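What follows is one structure encoded as structure tokens, with my remarks underneath.
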Amino acid sequence: MRVLYLNPFSTEISGPDESLRTLLGALVPAGVEAHVAVPAAGPQGPRYEALGVKVHVLPLAPLRRDIGSAMATFPFRLARSVAGVRALARRLGTQLIHTNMEVLLEGGLAARSLGLPHVMHYRGNTLDEPRWVFDGLTATWTALADHIFCISRATADVFVRRGRGDKVEAMYNPVDVRRYADARRAEDVRAELGARPGEALIGTVGRLHPRKDVETFVRAAALVAARTPAARFVVVGSAEVPVEVEYQRRIQALIAEVGLTGRFLLAGARRDVPAVMKALDVFVLTSRHEGFGRVVAEAMAAGRPTVVTREGALPELVEEDRFGLCAQPADPASFAEAILRLIDDPTASAAMATRAAERAKSFDTAHVASRVLDRYRALVERTR
């Protein structure tokens with residue numbers, strides 16, 4: 001089966017890319033001839049190609065929340081993009097188009113014009129505001145898709161509560177569970193992340209973006225540090241676009257302001273995320289309105305105790321107090337209390353981490369890929 005995937009970007013750290021590459025790692029051996037279209041060459045390209053995927057560069061036209069003055073030219077850019085997707089799909093003999101993120105409309109428009117089935121992956125967060133905008137978007141997305149995969153029940157509700165759930169299926173992002181479970185806890189990795197033997201290492205992984213609310217993590221770290229002198233803190237992730245570079249400067253200044261210089265490391269992006277997860281004693285995610293929270297699933301697969309924001313899809317993943325702890329959004333004291341609870345009770349923390357590792361099996365790639373392939377086959381058969 002020949003499938004054309006559309007991806008809106010190709011940056012160093014990208015949850016949608018990580019999820020798609022993990023999925024294709026199982027679909028390609030199962031017989032899917034995968035082609036991925038991106039708007040520009042980038043670091044993800046060689047990673048797709050290593051899986052046997054063909055990468056194409058097309059002038060895609062993603063929607064943006066801050067589209068502003070660019071809205072005037074959007075229809076022209078979208079028309080050009082639809083034409084490019086149509087031409088590529090016809091040249092390849094594509095049987096199905098899969099749009100990897102809801103910010104691209106050209107996949108659905110091109111598929112409809114070619115009579116091809118179209119699958120859309122809704123990877124957005126759960127903050128569907130302004131309401132009237134999302135009323136229109138959900139109507140558009142469901143009209144242009146034959147099937148919509150949503151990355152959690154919380155994101156599926158964006159459609160369901162508007163009466164547009166008929167084509168929607170909640171399906172968690174795939175994770176190579178064995179890769180995380182089998183990773184080795186290594187002191188050299190812990191040292192690179194700023195922790196010496198015997199020190200508690202508390203960290204988070206992800207892009208340095210304001211939506212991740214890293215300020216709350218830094219302020220929570222200061223509260224934990226006051227109680228636990230041996231604790232060390234780390235953020236693994238990069239700043240790539242201007243808003244992230246500026247945010248990184250703010251975080252660096254805040255680390256100094258709260259007195260954590262020398263105890264808090266901004267480690268940059270790393271490719272050995274399973275080893276990073278194993279190196280942590282507590283994984284924390286302070287971000288807001290996550291549609292899934294891939295790094296949480298990875299931390300759980302690695303058997304790490306976790307603390308997440310009580311918002312969006314994150315409580316759905318950890319089922320509060322069963323597989324992880326939840327804290328109030330933007331509340332450093334709430335996060336610090338949860339982190340200290342895990343540090344102060346190693347026995348209960350270890351038991352929770354063991355349960356989390358078992359829970360993570362529901363994110364396993366083989367299971368997710370099987371569901372996707374079954375859906376592809378049914379859609380293609382229906383259009384014959």
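Naming works like this for the structure tokens: A, B, ... for the chains as they're shown, residue 1 at the start of each chain, ligands 1 onward in shown order.
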Expected answer as a ChimeraX atom specification: strand (DSSP E or B) residues in range 181-229 of chain A | /A:201-205
Closest contacts (range 242-361 of chain A/range 219-235 of chain A, max 9 Å, only C-alpha atoms) as a Markdown table:
| residue | atom | partner | partner_atom | distance |
| --- | --- | --- | --- | --- |
| A:Leu254 | CA | A:Arg219 | CA | 8.3 |
| A:Ile255 | CA | A:Arg219 | CA | 8.3 |
| A:Val258 | CA | A:Ala222 | CA | 6.3 |
| A:Gly259 | CA | A:Ala222 | CA | 7.4 |
| A:Leu260 | CA | A:Ala222 | CA | 6.8 |
| A:Gly262 | CA | A:Arg232 | CA | 8.8 |
| A:Arg263 | CA | A:Arg232 | CA | 5.2 |
| A:Phe264 | CA | A:Phe233 | CA | 4.6 |
| A:Leu265 | CA | A:Val234 | CA | 4.7 |
| A:Leu266 | CA | A:Val235 | CA | 5.0 |
| A:Ala267 | CA | A:Val235 | CA | 6.0 |
| A:Gly268 | CA | A:Val235 | CA | 7.4 |
| A:Asp331 | CA | A:Ala220 | CA | 8.0 |
| A:Pro332 | CA | A:Ala220 | CA | 4.3 |
| A:Ala333 | CA | A:Ala220 | CA | 6.1 |
| A:Ser334 | CA | A:Ala220 | CA | 8.0 |
| A:Phe335 | CA | A:Ala220 | CA | 5.9 |
| A:Ala336 | CA | A:Ala220 | CA | 4.9 |
| A:Glu337 | CA | A:Val224 | CA | 8.0 |
| A:Ile339 | CA | A:Val224 | CA | 7.5 |
| A:Leu340 | CA | A:Val224 | CA | 6.6 |
| A:Ile343 | CA | A:Thr228 | CA | 8.9 |
Could you save those same residues with N, CA and C atoms as a CSV table (one decimal), in the first residue's frame?
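Output file part_15.csv is given in full below:
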chain,number,residue,atom,x,y,z
A,254,LEU,N,15.9,33.2,35.1
A,254,LEU,CA,15.1,32.7,36.2
A,254,LEU,C,15.9,31.8,37.1
A,255,ILE,N,16.6,30.9,36.5
A,255,ILE,CA,17.5,29.9,37.2
A,255,ILE,C,18.4,30.7,38.1
A,258,VAL,N,16.5,32.5,41.1
A,258,VAL,CA,16.0,31.6,42.3
A,258,VAL,C,17.2,30.9,42.9
A,259,GLY,N,18.4,31.2,42.5
A,259,GLY,CA,19.6,30.7,43.2
A,259,GLY,C,19.9,29.3,42.9
A,260,LEU,N,19.6,28.8,41.7
A,260,LEU,CA,19.9,27.4,41.3
A,260,LEU,C,21.0,27.3,40.3
A,262,GLY,N,24.3,26.2,39.0
A,262,GLY,CA,25.2,25.1,39.4
A,262,GLY,C,24.4,23.9,39.8
A,263,ARG,N,23.1,24.1,40.0
A,263,ARG,CA,22.2,22.9,40.4
A,263,ARG,C,21.2,22.6,39.3
A,264,PHE,N,21.1,23.5,38.4
A,264,PHE,CA,20.0,23.4,37.3
A,264,PHE,C,20.7,23.5,36.0
A,265,LEU,N,20.6,22.4,35.2
A,265,LEU,CA,21.2,22.4,33.9
A,265,LEU,C,20.2,22.4,32.7
A,266,LEU,N,20.5,23.3,31.8
A,266,LEU,CA,19.8,23.3,30.5
A,266,LEU,C,20.7,22.5,29.5
A,267,ALA,N,20.3,21.2,29.3
A,267,ALA,CA,21.2,20.3,28.7
A,267,ALA,C,21.2,20.3,27.2
A,268,GLY,N,20.2,21.0,26.6
A,268,GLY,CA,20.1,21.0,25.1
A,268,GLY,C,19.4,19.7,24.7
A,331,ASP,N,1.4,26.1,39.3
A,331,ASP,CA,1.5,26.2,40.7
A,331,ASP,C,2.8,25.5,41.2
A,332,PRO,N,3.9,26.2,41.3
A,332,PRO,CA,5.1,25.6,41.7
A,332,PRO,C,5.1,24.9,43.1
A,333,ALA,N,4.3,25.4,44.0
A,333,ALA,CA,4.2,24.7,45.3
A,333,ALA,C,3.5,23.4,45.2
A,334,SER,N,2.5,23.3,44.3
A,334,SER,CA,1.8,22.0,44.1
A,334,SER,C,2.8,21.0,43.5
A,335,PHE,N,3.6,21.4,42.5
A,335,PHE,CA,4.5,20.5,41.9
A,335,PHE,C,5.6,20.1,42.9
A,336,ALA,N,6.1,21.1,43.6
A,336,ALA,CA,7.2,20.8,44.6
A,336,ALA,C,6.7,19.7,45.6
A,337,GLU,N,5.4,19.9,46.1
A,337,GLU,CA,4.9,18.9,47.0
A,337,GLU,C,4.8,17.5,46.5
A,339,ILE,N,6.7,16.3,43.9
A,339,ILE,CA,8.1,15.8,43.7
A,339,ILE,C,8.6,15.3,45.0
A,340,LEU,N,8.5,16.1,46.1
A,340,LEU,CA,9.0,15.7,47.4
A,340,LEU,C,8.3,14.5,47.9
A,343,ILE,N,10.2,11.7,46.3
A,343,ILE,CA,11.6,11.6,46.8
A,343,ILE,C,11.6,11.1,48.2
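Nearest residue to Phe323 in chain A among A:Thr347, A:Thr22, A:Thr354, A:Ser10 is A:Thr354, counting only C-alpha atoms.
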Fill in: Which residue of A:Val296, A:His56, A:Thr11, A:Asp182 approaches Ala239 in chain A most closely, using only C-alpha atoms
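When distances to Ala239 in chain A are compared using only C-alpha atoms, the smallest one comes from A:Thr11.
Residues in contact with range 82-84 of chain A at up to 7 Å, not including ones fewer than 5 positions away on its chain and judged by only C-alpha atoms, are Leu58, Glu106, Leu109 and Ala110 of chain A.
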Any chance you can output those residues with N, CA, C and O atoms as an mmCIF file, in the first residue's frame?
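The result, stored in part_5.cif:
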data_model
loop_
_atom_site.group_PDB
_atom_site.id
_atom_site.type_symbol
_atom_site.label_atom_id
_atom_site.label_comp_id
_atom_site.auth_asym_id
_atom_site.auth_seq_id
_atom_site.Cartn_x
_atom_site.Cartn_y
_atom_site.Cartn_z
ATOM 1 N N LEU A 58 7.791 19.969 -0.205
ATOM 2 C CA LEU A 58 6.689 20.659 -0.875
ATOM 3 C C LEU A 58 6.393 21.963 -0.135
ATOM 4 O O LEU A 58 6.563 22.044 1.081
ATOM 5 N N GLU A 106 -4.353 20.913 3.171
ATOM 6 C CA GLU A 106 -4.135 20.526 1.780
ATOM 7 C C GLU A 106 -4.264 19.027 1.536
ATOM 8 O O GLU A 106 -4.646 18.606 0.446
ATOM 9 N N LEU A 109 -8.006 18.360 1.028
ATOM 10 C CA LEU A 109 -8.477 18.960 -0.223
ATOM 11 C C LEU A 109 -7.952 18.194 -1.437
ATOM 12 O O LEU A 109 -8.703 17.922 -2.388
ATOM 13 N N ALA A 110 -6.679 17.827 -1.401
ATOM 14 C CA ALA A 110 -6.104 17.071 -2.522
ATOM 15 C C ALA A 110 -6.732 15.686 -2.625
ATOM 16 O O ALA A 110 -7.054 15.213 -3.714
#
**Request:** Using only C-alpha atoms, pick whichever of A:Val245, A:Pro39, A:Val295, A:Val236 has the shortest atom-to-atom distance to Gly15 in chain A.
**Result:**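 Of the candidates, the smallest distance to Gly15 in chain A is held by A:Val295.
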Mind checking which residues fall within 7 Å of range 123-134 of chain A, counting only C-alpha atoms, ignoring those fewer than 4 positions away in the same chain, and posting them as a PDB file with C-alpha atoms, in the first residue's frame?
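Saved file result_15.pdb follows:
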ATOM      1  CA  MET A 101      -1.236  17.146  12.044  1.00  0.00           C
ATOM      2  CA  GLU A 102      -4.474  19.077  11.837  1.00  0.00           C
ATOM      3  CA  THR A 138     -13.910  20.731  13.429  1.00  0.00           C
ATOM      4  CA  CYS A 150      -7.111  11.652  18.024  1.00  0.00           C
ATOM      5  CA  ILE A 151      -4.163  11.112  20.343  1.00  0.00           C
ATOM      6  CA  ALA A 154      -9.393  14.298  25.856  1.00  0.00           C
ATOM      7  CA  THR A 155      -8.598  15.457  22.310  1.00  0.00           C
ATOM      8  CA  VAL A 158     -12.967  18.381  21.012  1.00  0.00           C
ATOM      9  CA  HIS A 289      -3.232  21.590  27.669  1.00  0.00           C
ATOM     10  CA  GLU A 290      -1.222  18.672  26.266  1.00  0.00           C
ATOM     11  CA  GLY A 291      -3.141  16.572  23.763  1.00  0.00           C
ATOM     12  CA  GLY A 312      -5.482  18.348  29.280  1.00  0.00           C
TER      13      GLY A 312
END
Quick one: which range 21-135 of chain A residues come within 7 Å of range 366-375 of chain A, and what is the nearest atom pair for each with the distance in Å to one decimal, counting only C-alpha atoms, rows ordered by chain and ascending number, as a tab-separated table?
residue	atom	partner	partner_atom	distance
A:Leu23	CA	A:Ala369	CA	6.0
A:Ala26	CA	A:Ala369	CA	6.2
A:Leu27	CA	A:Ala369	CA	6.2
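In terms of minimum interatomic distance to Ile148 in chain A, A:Tyr376 ranks closest within A:Tyr376, A:Ser287, A:Glu257, A:Glu381, counting only C-alpha atoms.
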Shell around range 46-53 of chain A at 12 Å using only C-alpha atoms, local window under 3 positions removed, as a ChimeraX atom specification: /A:2-5,7,10-12,17-29,31-38,41-43,56,271
* Asked: Do you have the CA of Leu201 in chain A-CA of Asp281 in chain A distance handy?
  ->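 We find that CA of Leu201 in chain A and CA of Asp281 in chain A lie 5.2 Å from each other.
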I'd like to know which of A:Leu105, A:Val168, A:Val119, A:Val380 is closest to Leu137 in chain A, using only C-alpha atoms.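 Distance minimum relative to Leu137 in chain A lands on A:Leu105.
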Worksheet item: So how many Å separate CA of His121 in chain A and CA of Arg153 in chain A, to one decimal?
Response: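 CA of His121 in chain A sits 13.3 Å away from CA of Arg153 in chain A.
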In Å and to one decimal, CA of Val241 in chain A is distant from CA of Glu311 in chain A by 25.8 Å
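Omitting Pro75 in chain A and its sequence neighbours fewer than 2 positions away, and counting only C-alpha atoms, the residues within 12 Å are Leu60, Ala61, Pro62, Leu63, Ala70, Met71, Ala72, Thr73, Arg77, Leu78, Ala79, Arg80, Ser81, Val82, Leu105 and Glu106 of chain A.
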Open item on the list: Please list as a list of chain:residue names every residue within 6 Å of Ala301 in chain A, counting only C-alpha atoms and excluding residues in the same chain fewer than 4 positions away.
Closed with: A:Val177, A:Tyr180, A:Ala181, A:Ala357, A:Ala360
Would you save the residues from that selection as a compact mmCIF listing (two decimals), in the first residue's frame, using N, CA and C atoms?
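Saved result, selection.txt, follows:
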# COMPACT_ATOMS: atom_id res chain seq x y z
N VAL A 177 8.15 0.75 23.46
CA VAL A 177 8.18 0.49 24.90
C VAL A 177 9.43 -0.30 25.29
N TYR A 180 12.65 1.75 25.77
CA TYR A 180 12.73 2.51 27.02
C TYR A 180 12.87 1.58 28.23
N ALA A 181 12.14 0.48 28.20
CA ALA A 181 12.21 -0.45 29.33
C ALA A 181 13.59 -1.07 29.46
N ALA A 357 5.14 1.39 34.27
CA ALA A 357 5.77 0.62 33.20
C ALA A 357 4.80 -0.39 32.61
N ALA A 360 2.32 1.47 30.42
CA ALA A 360 2.92 1.94 29.17
C ALA A 360 2.80 0.92 28.05
One residue among A:Asp272, A:Glu240, A:Asp188, A:Asp146 is nearest to Lys167 in chain A when using only C-alpha atoms, and that residue is A:Asp146
